[in-house]
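In what follows, a single structure is set out as structure tokens and then discussed.
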Amino acid sequence: MSVAVVVVVLVASRAFAAQPDFSGVWIPDVKDQKRQETEITPPWKPDVLKQIQHLVAEEKAGRPFLVLSYCMPHGMPSWMLIPHNAMEILVTPGRITMLGEGDGNRLRRIYTDGRAHPEDPDLTFHGHSIGHWEGETLVIDTVAIAPQAYIAISEAAGIPNNGDMHIVERLHLAKPDVLNDDLEITAPKVLTTTWKTTRIFRRYPERHYEITEGECAQEDLSAGKDEFGNDIFIPAPQGPYGSVHVVK
């Protein structure tokens, strides 16, 4: 290995080591999420606001709309806006990976190797994310999000972004084990202006939390047997409004 290559490797290693430690399992601050549902609302367009108000009224009446239904991925930005389950952050050279509970598709890849967004990206629920460091803050730029991905303010109130959404996040440690995600969400089809909001996640290293397997389809299923005695899942009896009203 040449001297020049050794120097480059050493510099990259030192830069990687100097970055703040985001690794580990993070628990969302659900209490603060609830506060922001009423205090820091998105700047919905007037016609969209009417839809949101109807969804909120339906939830209060006991008829919640299942925003995250059919076991579709949460997608961005709902992944970060309304998580109720733990997520794990894996920090490796050139990439940060977020793994989550809740459904089998909770996976985000944030590329930090200097690449640009693809010129003709495939649209996905979580989009294409690239990141760079500004001091101790990780700035994440996400595009190429499917128009069907919701902007959700709760599990019963949200609207598909309808296309052309752009999200910028700034992840930073407010305290050694408190991670803030400052989001700037631009969705010209449903928002009048860029929405700025923050979500808080907490790490408890002394408790040794681990994320567990979570498959949302199992919420609608019960353990049973087939005609041959094999262990299978069968549809669970439900109330009139879906899995949140499963009959016990």
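Identifiers in the structure tokens: chain A, B, ... in order shown; residue index from 1 per chain; ligand index from 1 in order shown.
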Strand (DSSP E or B) residues, from DSSP on the backbone, in region 2-135 of chain A, as a VMD selection string: chain A and resid 24 to 28 44 87 to 92 95 to 100 107 to 111 124 128 to 134
Dump of C-alpha atoms for the selected residues, as a PDB file, in the first residue's frame:
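Produced file part.pdb, reproduced below:
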```pdb
ATOM      1  CA  GLY A  24     -27.829   1.903  19.145  1.00  0.00           C
ATOM      2  CA  VAL A  25     -31.528   1.498  19.823  1.00  0.00           C
ATOM      3  CA  TRP A  26     -33.636   4.647  20.050  1.00  0.00           C
ATOM      4  CA  ILE A  27     -37.103   4.989  21.597  1.00  0.00           C
ATOM      5  CA  PRO A  28     -39.436   7.676  20.194  1.00  0.00           C
ATOM      6  CA  TRP A  44     -52.144  22.040   4.893  1.00  0.00           C
ATOM      7  CA  MET A  87     -35.532   1.783  15.905  1.00  0.00           C
ATOM      8  CA  GLU A  88     -31.890   0.797  15.667  1.00  0.00           C
ATOM      9  CA  ILE A  89     -29.259   2.916  13.935  1.00  0.00           C
ATOM     10  CA  LEU A  90     -26.245   1.174  12.438  1.00  0.00           C
ATOM     11  CA  VAL A  91     -23.332   3.467  11.605  1.00  0.00           C
ATOM     12  CA  THR A  92     -20.811   2.104   9.096  1.00  0.00           C
ATOM     13  CA  ARG A  95     -23.734   4.425   5.078  1.00  0.00           C
ATOM     14  CA  ILE A  96     -26.135   4.831   7.982  1.00  0.00           C
ATOM     15  CA  THR A  97     -28.878   2.219   8.231  1.00  0.00           C
ATOM     16  CA  MET A  98     -32.074   2.561  10.237  1.00  0.00           C
ATOM     17  CA  LEU A  99     -33.942  -0.606  11.213  1.00  0.00           C
ATOM     18  CA  GLY A 100     -37.368  -0.518  12.811  1.00  0.00           C
ATOM     19  CA  LEU A 107     -35.542  -0.014   6.612  1.00  0.00           C
ATOM     20  CA  ARG A 108     -33.833   3.212   5.624  1.00  0.00           C
ATOM     21  CA  ARG A 109     -30.455   3.544   3.941  1.00  0.00           C
ATOM     22  CA  ILE A 110     -28.707   6.915   4.140  1.00  0.00           C
ATOM     23  CA  TYR A 111     -25.639   7.045   1.930  1.00  0.00           C
ATOM     24  CA  THR A 124     -40.166   4.137  -3.242  1.00  0.00           C
ATOM     25  CA  HIS A 128     -33.502   7.905  -1.838  1.00  0.00           C
ATOM     26  CA  SER A 129     -31.476   9.453   0.990  1.00  0.00           C
ATOM     27  CA  ILE A 130     -27.974  10.909   0.952  1.00  0.00           C
ATOM     28  CA  GLY A 131     -26.272  12.508   3.934  1.00  0.00           C
ATOM     29  CA  HIS A 132     -23.318  14.670   4.829  1.00  0.00           C
ATOM     30  CA  TRP A 133     -21.908  16.039   8.057  1.00  0.00           C
ATOM     31  CA  GLU A 134     -22.057  19.698   9.048  1.00  0.00           C
TER      32      GLU A 134
END
```
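Every residue of region 75-113 of chain A found in helix (DSSP H, G or I) when DSSP is run on the backbone appears here: A:Ser78, A:Trp79, A:Met80, A:Leu81.
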Okay, now the selection with C-alpha atoms, as a PDB file, in the first residue's frame?
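File written: out-v4.pdb
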```pdb
ATOM      1  CA  SER A  78     -44.247   9.060   8.573  1.00  0.00           C
ATOM      2  CA  TRP A  79     -41.322   6.778   9.516  1.00  0.00           C
ATOM      3  CA  MET A  80     -39.922   9.631  11.609  1.00  0.00           C
ATOM      4  CA  LEU A  81     -43.115  11.583  12.375  1.00  0.00           C
TER       5      LEU A  81
END
```
Close residues, Ser222 (chain A) itself excluded, 6 Å, only C-alpha atoms, min 5 positions apart in chain, as an NGL selection string: :A and (233-234 or 236)
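CA of His54 (chain A) is found 25.8 Å from CA of Glu219 (chain A).
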If we count only C-alpha atoms and set the cut-off at 12 Å, which residues sit around Pro46 (chain A), ignoring sequence neighbours fewer than 4 positions away in its own chain? Please answer as a PDB file with N, CA and C atoms, in the first residue's frame.
```
ATOM      1  N   PRO A  42     -49.087  20.778  10.380  1.00  0.00           N
ATOM      2  CA  PRO A  42     -48.602  21.097   9.033  1.00  0.00           C
ATOM      3  C   PRO A  42     -49.416  22.222   8.397  1.00  0.00           C
ATOM      4  N   LYS A  50     -59.549  20.219   5.140  1.00  0.00           N
ATOM      5  CA  LYS A  50     -60.893  19.685   5.334  1.00  0.00           C
ATOM      6  C   LYS A  50     -60.860  18.161   5.468  1.00  0.00           C
ATOM      7  N   GLN A  51     -59.995  17.526   4.678  1.00  0.00           N
ATOM      8  CA  GLN A  51     -59.864  16.070   4.779  1.00  0.00           C
ATOM      9  C   GLN A  51     -59.310  15.665   6.150  1.00  0.00           C
ATOM     10  N   ILE A  52     -58.289  16.404   6.617  1.00  0.00           N
ATOM     11  CA  ILE A  52     -57.686  16.108   7.911  1.00  0.00           C
ATOM     12  C   ILE A  52     -58.700  16.303   9.031  1.00  0.00           C
ATOM     13  N   GLN A  53     -59.456  17.393   8.975  1.00  0.00           N
ATOM     14  CA  GLN A  53     -60.464  17.653  10.002  1.00  0.00           C
ATOM     15  C   GLN A  53     -61.508  16.539  10.035  1.00  0.00           C
ATOM     16  N   LYS A 189     -47.946  19.548  -3.381  1.00  0.00           N
ATOM     17  CA  LYS A 189     -49.306  19.135  -3.749  1.00  0.00           C
ATOM     18  C   LYS A 189     -50.286  19.224  -2.569  1.00  0.00           C
ATOM     19  N   VAL A 190     -49.756  19.205  -1.331  1.00  0.00           N
ATOM     20  CA  VAL A 190     -50.661  19.185  -0.167  1.00  0.00           C
ATOM     21  C   VAL A 190     -50.334  20.242   0.888  1.00  0.00           C
ATOM     22  N   LEU A 191     -49.140  20.832   0.856  1.00  0.00           N
ATOM     23  CA  LEU A 191     -48.751  21.849   1.834  1.00  0.00           C
ATOM     24  C   LEU A 191     -48.586  23.194   1.156  1.00  0.00           C
ATOM     25  N   THR A 192     -48.941  24.269   1.877  1.00  0.00           N
ATOM     26  CA  THR A 192     -48.810  25.613   1.305  1.00  0.00           C
ATOM     27  C   THR A 192     -47.373  26.107   1.353  1.00  0.00           C
TER      28      THR A 192
END
```
Contact residues around Pro20 (chain A) with only C-alpha atoms at 9 Å, ignoring same-chain residues under 5 positions, as a list in words: Glu136, Thr137, His172 and Leu173 of chain A
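Between CA of Ala144 (chain A) and CA of Gly75 (chain A) the separation is 11.5 Å.
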